[in-house]
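Trainee: Have a look at this one.
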Amino acid sequence: MRDYKLGFISNEKIFEHVKRTVQEYRTSINLASFNRNIVDPIKLTFDSKIYGKSFEETIADECLRQIDKSNTNKIGYFHQNLFAFADDGWEVPREGFDLLNRERHIYVEMKNKHNTMNAASSQKTYMKMQNQLLVDDKALCLLVEVIAKRSQDVKWKTSVDKQSYSHDRIRKVSIDRFYDIVFQDKLAFYKLCVSLPIIFDDVLEELSYSGIENSVYDELSELSPNLFGSLFRFAFRTYEGFDNF
């Protein structure tokens, strides 16, 4: 096995963690899953005409969008569960906070991007942290953002019921600063990002990854040679007149 030169995690552990994440990644789509939430054929028509794409290309784009949406959660799994390999009491609980360290009284909620929480979600998370300070008077509660606006470790200022709140032990922390808190290495996150492409090459070579399997177009074509009509009939099959589309 190659030396990924991370220092804060062994080559074997990071390889296995990336491998498990890849194996969880969604890499296939069929007609049933494509239309599980009923695809909007009218929007696809707009996309096709406005962007000058064939209907086949537009369907392929929608398939990739759905696969990408499914895989966003897998990225969260990757970030959160990497810390299960950290020493010094870090754990990933089944419920409650995303990550915690009972010995150091640190409680963590993780978000992939700084703008993924709406106002209601932010308030709920902040009140959860406020409650933790009441339960554990030594608690340090962190909202960790992988893609933050900047590298930071600052008091989280937010509003709950139009009232502004902030507390020294409820903080908003970028992922690079959090890696330093966990691994005592300011460059730990940077080292991971540099090494990831190499780790992926090794993982994908072992797994013999063959790309995305997409049967949506073939299944729609089996319903009718008129792909455009097939989508409308599939979405509106119980509506009046669409059996003759």
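In the structure tokens, chains take letters A, B, ... by order of appearance, with residues numbered from 1 within each chain and ligands from 1 in the order shown.
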Please identify which residues in stretch 26-224 of chain A DSSP calls strand (DSSP E) from the backbone, and express them as a VMD selection string.

Mentor: chain A and resid 28 to 29 90 to 91 99 to 101 106 to 113 140 to 147 153 to 155 158 to 160 163 to 165 170 to 174 213 to 214

Trainee: Name the residues in contact with A:Ser221 at a cut-off of 12 Å, using only C-alpha atoms, excluding same-chain residues fewer than 2 positions from it; report them as a PDB file with C-alpha atoms, in the first residue's frame.

Mentor:
```
ATOM      1  CA  LEU A  31     -36.987   3.975 -14.686  1.00  0.00           C
ATOM      2  CA  PHE A  55     -34.792  14.974 -25.063  1.00  0.00           C
ATOM      3  CA  GLU A  56     -32.336  12.104 -24.591  1.00  0.00           C
ATOM      4  CA  SER A 215     -31.284   2.022 -18.030  1.00  0.00           C
ATOM      5  CA  VAL A 216     -33.855   4.853 -18.017  1.00  0.00           C
ATOM      6  CA  TYR A 217     -33.598   5.664 -21.710  1.00  0.00           C
ATOM      7  CA  ASP A 218     -33.842   2.012 -22.776  1.00  0.00           C
ATOM      8  CA  GLU A 219     -36.859   1.365 -20.523  1.00  0.00           C
ATOM      9  CA  LEU A 223     -42.744   1.760 -23.696  1.00  0.00           C
ATOM     10  CA  SER A 224     -42.893   3.698 -26.964  1.00  0.00           C
ATOM     11  CA  PRO A 225     -40.585   4.864 -29.758  1.00  0.00           C
ATOM     12  CA  ASN A 226     -41.894   8.350 -28.937  1.00  0.00           C
ATOM     13  CA  LEU A 227     -39.660   9.162 -25.974  1.00  0.00           C
ATOM     14  CA  PHE A 228     -41.345  12.526 -25.442  1.00  0.00           C
ATOM     15  CA  GLY A 229     -44.762  10.894 -25.263  1.00  0.00           C
ATOM     16  CA  SER A 230     -43.511   8.103 -23.014  1.00  0.00           C
ATOM     17  CA  LEU A 231     -42.429  10.556 -20.323  1.00  0.00           C
ATOM     18  CA  PHE A 234     -45.585   7.768 -17.471  1.00  0.00           C
TER      19      PHE A 234
END
```

Trainee: Between atom CA of A:Asn37 and atom CA of A:Glu57, what is the distance, to one decimal in Å?

Mentor: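 We find that atom CA of A:Asn37 and atom CA of A:Glu57 lie 20.2 Å from each other.
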
Trainee: What is the atom CA of A:Leu140 to atom CA of A:Ile170 distance in Å?

Mentor: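 One can read the atom CA of A:Leu140 to atom CA of A:Ile170 distance as 6.3 Å.
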
Trainee: Write out as an MDAnalysis selection string each polymer residue whose atoms come within 8 Å of A:Asn214, counting only C-alpha atoms; drop sequence neighbours fewer than 3 positions from it.

Mentor: chainID A and resid 28:30 63 217

Trainee: In Å, rounded to a single decimal, give me how far atom CA of A:Leu64 is from atom CA of A:Ile50.

Mentor: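 Going from atom CA of A:Ile50 over to atom CA of A:Leu64 covers 18.9 Å.
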
Trainee: Going by DSSP on the backbone, which residues of stretch 30-66 of chain A come out as alpha helix (DSSP H)? List them as a list in words.

Mentor: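 After running DSSP on the backbone, stretch 30-66 of chain A has alpha helix (DSSP H) at Leu31, Ala32, Ser33, Phe34, Pro41, Ile42, Lys43, Leu44, Thr45, Phe46, Asp47, Ser48, Lys49, Ile50, Phe55, Glu56, Glu57, Thr58, Ile59, Ala60, Asp61, Glu62, Cys63, Leu64, Arg65 and Gln66 of chain A.
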
Trainee: Could you take the residues named above and write them with N, CA and C atoms, as a PDB file, in the first residue's frame?

Mentor:
```pdb
ATOM      1  N   LEU A  31     -35.791   3.160 -14.477  1.00  0.00           N
ATOM      2  CA  LEU A  31     -36.987   3.975 -14.686  1.00  0.00           C
ATOM      3  C   LEU A  31     -37.801   4.112 -13.406  1.00  0.00           C
ATOM      4  N   ALA A  32     -37.908   3.035 -12.618  1.00  0.00           N
ATOM      5  CA  ALA A  32     -38.700   3.085 -11.390  1.00  0.00           C
ATOM      6  C   ALA A  32     -38.137   4.108 -10.413  1.00  0.00           C
ATOM      7  N   SER A  33     -36.811   4.081 -10.204  1.00  0.00           N
ATOM      8  CA  SER A  33     -36.206   5.042  -9.277  1.00  0.00           C
ATOM      9  C   SER A  33     -36.182   6.444  -9.877  1.00  0.00           C
ATOM     10  N   PHE A  34     -36.033   6.529 -11.206  1.00  0.00           N
ATOM     11  CA  PHE A  34     -36.033   7.816 -11.897  1.00  0.00           C
ATOM     12  C   PHE A  34     -37.332   8.568 -11.648  1.00  0.00           C
ATOM     13  N   PRO A  41     -42.302  16.222 -16.560  1.00  0.00           N
ATOM     14  CA  PRO A  41     -41.963  16.234 -17.984  1.00  0.00           C
ATOM     15  C   PRO A  41     -42.103  17.621 -18.611  1.00  0.00           C
ATOM     16  N   ILE A  42     -42.912  18.480 -18.001  1.00  0.00           N
ATOM     17  CA  ILE A  42     -43.057  19.839 -18.529  1.00  0.00           C
ATOM     18  C   ILE A  42     -41.752  20.615 -18.324  1.00  0.00           C
ATOM     19  N   LYS A  43     -41.152  20.477 -17.130  1.00  0.00           N
ATOM     20  CA  LYS A  43     -39.862  21.130 -16.886  1.00  0.00           C
ATOM     21  C   LYS A  43     -38.790  20.572 -17.826  1.00  0.00           C
ATOM     22  N   LEU A  44     -38.808  19.254 -18.024  1.00  0.00           N
ATOM     23  CA  LEU A  44     -37.824  18.663 -18.922  1.00  0.00           C
ATOM     24  C   LEU A  44     -38.001  19.188 -20.341  1.00  0.00           C
ATOM     25  N   THR A  45     -39.241  19.467 -20.726  1.00  0.00           N
ATOM     26  CA  THR A  45     -39.499  20.043 -22.045  1.00  0.00           C
ATOM     27  C   THR A  45     -38.916  21.451 -22.137  1.00  0.00           C
ATOM     28  N   PHE A  46     -39.149  22.257 -21.099  1.00  0.00           N
ATOM     29  CA  PHE A  46     -38.548  23.591 -21.052  1.00  0.00           C
ATOM     30  C   PHE A  46     -37.031  23.493 -21.167  1.00  0.00           C
ATOM     31  N   ASP A  47     -36.419  22.609 -20.341  1.00  0.00           N
ATOM     32  CA  ASP A  47     -34.958  22.469 -20.352  1.00  0.00           C
ATOM     33  C   ASP A  47     -34.445  22.079 -21.731  1.00  0.00           C
ATOM     34  N   SER A  48     -35.143  21.143 -22.349  1.00  0.00           N
ATOM     35  CA  SER A  48     -34.723  20.662 -23.661  1.00  0.00           C
ATOM     36  C   SER A  48     -34.765  21.773 -24.705  1.00  0.00           C
ATOM     37  N   LYS A  49     -35.857  22.517 -24.722  1.00  0.00           N
ATOM     38  CA  LYS A  49     -36.022  23.550 -25.746  1.00  0.00           C
ATOM     39  C   LYS A  49     -35.144  24.774 -25.485  1.00  0.00           C
ATOM     40  N   ILE A  50     -35.088  25.219 -24.225  1.00  0.00           N
ATOM     41  CA  ILE A  50     -34.358  26.445 -23.903  1.00  0.00           C
ATOM     42  C   ILE A  50     -32.851  26.253 -24.034  1.00  0.00           C
ATOM     43  N   PHE A  55     -34.069  15.508 -26.221  1.00  0.00           N
ATOM     44  CA  PHE A  55     -34.792  14.974 -25.063  1.00  0.00           C
ATOM     45  C   PHE A  55     -33.950  13.899 -24.375  1.00  0.00           C
ATOM     46  N   GLU A  56     -33.207  13.127 -25.163  1.00  0.00           N
ATOM     47  CA  GLU A  56     -32.336  12.104 -24.591  1.00  0.00           C
ATOM     48  C   GLU A  56     -31.272  12.727 -23.682  1.00  0.00           C
ATOM     49  N   GLU A  57     -30.672  13.826 -24.135  1.00  0.00           N
ATOM     50  CA  GLU A  57     -29.652  14.519 -23.336  1.00  0.00           C
ATOM     51  C   GLU A  57     -30.265  15.105 -22.065  1.00  0.00           C
ATOM     52  N   THR A  58     -31.484  15.636 -22.185  1.00  0.00           N
ATOM     53  CA  THR A  58     -32.151  16.227 -21.032  1.00  0.00           C
ATOM     54  C   THR A  58     -32.479  15.168 -19.986  1.00  0.00           C
ATOM     55  N   ILE A  59     -32.903  14.003 -20.442  1.00  0.00           N
ATOM     56  CA  ILE A  59     -33.180  12.903 -19.508  1.00  0.00           C
ATOM     57  C   ILE A  59     -31.887  12.451 -18.829  1.00  0.00           C
ATOM     58  N   ALA A  60     -30.810  12.368 -19.593  1.00  0.00           N
ATOM     59  CA  ALA A  60     -29.521  11.984 -19.011  1.00  0.00           C
ATOM     60  C   ALA A  60     -29.088  12.984 -17.943  1.00  0.00           C
ATOM     61  N   ASP A  61     -29.307  14.285 -18.205  1.00  0.00           N
ATOM     62  CA  ASP A  61     -28.972  15.313 -17.211  1.00  0.00           C
ATOM     63  C   ASP A  61     -29.791  15.131 -15.942  1.00  0.00           C
ATOM     64  N   GLU A  62     -31.084  14.823 -16.091  1.00  0.00           N
ATOM     65  CA  GLU A  62     -31.953  14.628 -14.928  1.00  0.00           C
ATOM     66  C   GLU A  62     -31.518  13.397 -14.136  1.00  0.00           C
ATOM     67  N   CYS A  63     -31.096  12.360 -14.828  1.00  0.00           N
ATOM     68  CA  CYS A  63     -30.592  11.159 -14.141  1.00  0.00           C
ATOM     69  C   CYS A  63     -29.367  11.505 -13.290  1.00  0.00           C
ATOM     70  N   LEU A  64     -28.445  12.253 -13.875  1.00  0.00           N
ATOM     71  CA  LEU A  64     -27.240  12.651 -13.140  1.00  0.00           C
ATOM     72  C   LEU A  64     -27.596  13.545 -11.959  1.00  0.00           C
ATOM     73  N   ARG A  65     -28.586  14.418 -12.123  1.00  0.00           N
ATOM     74  CA  ARG A  65     -29.002  15.294 -11.027  1.00  0.00           C
ATOM     75  C   ARG A  65     -29.538  14.474  -9.867  1.00  0.00           C
ATOM     76  N   GLN A  66     -30.356  13.458 -10.180  1.00  0.00           N
ATOM     77  CA  GLN A  66     -30.918  12.617  -9.125  1.00  0.00           C
ATOM     78  C   GLN A  66     -29.835  11.814  -8.416  1.00  0.00           C
TER      79      GLN A  66
END
```

Trainee: I want to know what sits within 12 Å of stretch 160-168 of chain A, based on only C-alpha atoms, with residues of the same chain fewer than 6 positions away left out; could you give that as a PyMOL selection string?

Mentor: chain A and resi 119-130+133+138-142+153-154

Trainee: Please identify all polymer residues within 10 Å of A:Val146, counting only C-alpha atoms, omitting same-chain residues fewer than 4 positions from it, and present them as a list in words.

Mentor: Gly76, His79, Met110, Lys111, Asn112, Lys113, His114, Ser151, Val173, Ser174, Ile175, Asp176, Phe178 and Phe189 of chain A

Trainee: Can those selected residues be exported to a file as an mmCIF file, in the first residue's frame so that it contains N, CA and C atoms?

Mentor:
```cif
data_model
loop_
_atom_site.group_PDB
_atom_site.id
_atom_site.type_symbol
_atom_site.label_atom_id
_atom_site.label_comp_id
_atom_site.auth_asym_id
_atom_site.auth_seq_id
_atom_site.Cartn_x
_atom_site.Cartn_y
_atom_site.Cartn_z
ATOM 1 N N GLY A 76 -21.575 13.515 3.416
ATOM 2 C CA GLY A 76 -21.726 13.747 4.849
ATOM 3 C C GLY A 76 -21.239 12.563 5.657
ATOM 4 N N HIS A 79 -17.350 12.659 5.759
ATOM 5 C CA HIS A 79 -16.777 13.632 6.688
ATOM 6 C C HIS A 79 -17.005 13.224 8.144
ATOM 7 N N MET A 110 -22.360 18.726 12.212
ATOM 8 C CA MET A 110 -21.608 18.974 10.992
ATOM 9 C C MET A 110 -22.535 19.301 9.822
ATOM 10 N N LYS A 111 -22.132 20.267 9.030
ATOM 11 C CA LYS A 111 -22.845 20.626 7.818
ATOM 12 C C LYS A 111 -21.835 20.695 6.676
ATOM 13 N N ASN A 112 -22.251 20.234 5.502
ATOM 14 C CA ASN A 112 -21.313 20.237 4.388
ATOM 15 C C ASN A 112 -21.068 21.641 3.849
ATOM 16 N N LYS A 113 -22.099 22.503 3.912
ATOM 17 C CA LYS A 113 -21.959 23.835 3.342
ATOM 18 C C LYS A 113 -22.613 24.866 4.245
ATOM 19 N N HIS A 114 -22.051 26.055 4.262
ATOM 20 C CA HIS A 114 -22.492 27.081 5.208
ATOM 21 C C HIS A 114 -23.937 27.525 4.992
ATOM 22 N N SER A 151 -11.907 30.340 6.732
ATOM 23 C CA SER A 151 -11.358 29.593 7.855
ATOM 24 C C SER A 151 -11.691 30.361 9.129
ATOM 25 N N VAL A 173 -17.285 26.699 13.355
ATOM 26 C CA VAL A 173 -15.894 26.335 13.080
ATOM 27 C C VAL A 173 -15.780 25.750 11.673
ATOM 28 N N SER A 174 -14.818 26.218 10.901
ATOM 29 C CA SER A 174 -14.563 25.624 9.590
ATOM 30 C C SER A 174 -13.839 24.294 9.771
ATOM 31 N N ILE A 175 -13.937 23.430 8.769
ATOM 32 C CA ILE A 175 -13.434 22.059 8.906
ATOM 33 C C ILE A 175 -11.923 22.016 9.128
ATOM 34 N N ASP A 176 -11.178 22.961 8.567
ATOM 35 C CA ASP A 176 -9.727 22.949 8.772
ATOM 36 C C ASP A 176 -9.370 23.205 10.226
ATOM 37 N N PHE A 178 -11.365 22.544 12.702
ATOM 38 C CA PHE A 178 -11.831 21.398 13.486
ATOM 39 C C PHE A 178 -10.843 20.234 13.408
ATOM 40 N N PHE A 189 -6.377 18.825 7.381
ATOM 41 C CA PHE A 189 -7.393 18.813 6.331
ATOM 42 C C PHE A 189 -6.767 19.050 4.965
#
```

Trainee: Excluding A:Glu206 and any residue of its chain fewer than 5 positions from it, enumerate the residues within 12 Å of it, using only C-alpha atoms, and give them as a list in words.

Mentor: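 After dropping sequence-adjacent residues, the list is Met1, Phe15, Glu16, Val18, Lys19, Val22, Gln23, Ile199, Phe200 and Asp201 of chain A.
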
Trainee: The selected residues should be written to file as a JSON list (two decimals), in the first residue's frame (atoms: C-alpha atoms).

Mentor:
```
[["chain", "number", "residue", "atom", "x", "y", "z"],
["A", 1, "MET", "CA", 0.00, 0.00, 0.00],
["A", 15, "PHE", "CA", -8.07, 3.58, 2.38],
["A", 16, "GLU", "CA", -10.84, 1.52, 3.98],
["A", 18, "VAL", "CA", -12.74, 5.95, 1.29],
["A", 19, "LYS", "CA", -13.52, 2.47, -0.01],
["A", 22, "VAL", "CA", -17.34, 4.66, -2.62],
["A", 23, "GLN", "CA", -19.26, 1.42, -2.09],
["A", 199, "ILE", "CA", -6.40, 7.27, -2.48],
["A", 200, "PHE", "CA", -9.30, 7.22, -4.95],
["A", 201, "ASP", "CA", -7.07, 5.85, -7.69]]
```

Trainee: Can you pull out the residues contacting A:Phe242? Cut-off 7 Å, using only C-alpha atoms, and skip same-chain residues under 5 positions away; I want them as an mmCIF file with N, CA and C atoms, in the first residue's frame.

Mentor:
```
data_model
loop_
_atom_site.group_PDB
_atom_site.id
_atom_site.type_symbol
_atom_site.label_atom_id
_atom_site.label_comp_id
_atom_site.auth_asym_id
_atom_site.auth_seq_id
_atom_site.Cartn_x
_atom_site.Cartn_y
_atom_site.Cartn_z
ATOM 1 N N ARG A 233 -46.823 10.180 -20.659
ATOM 2 C CA ARG A 233 -47.747 9.109 -20.286
ATOM 3 C C ARG A 233 -47.353 8.480 -18.955
ATOM 4 N N PHE A 236 -48.294 11.172 -16.233
ATOM 5 C CA PHE A 236 -49.716 11.527 -16.158
ATOM 6 C C PHE A 236 -50.608 10.375 -16.602
ATOM 7 N N ARG A 237 -50.196 9.152 -16.299
ATOM 8 C CA ARG A 237 -50.905 7.982 -16.835
ATOM 9 C C ARG A 237 -52.353 7.857 -16.353
#
```

Trainee: Smallest atom-to-atom distance to A:Ile181: which of A:Val144, A:Leu204, A:Leu220, A:Leu134, using only C-alpha atoms?

Mentor: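 Of A:Val144, A:Leu204, A:Leu220, A:Leu134, the one nearest A:Ile181, counting only C-alpha atoms, is A:Val144.
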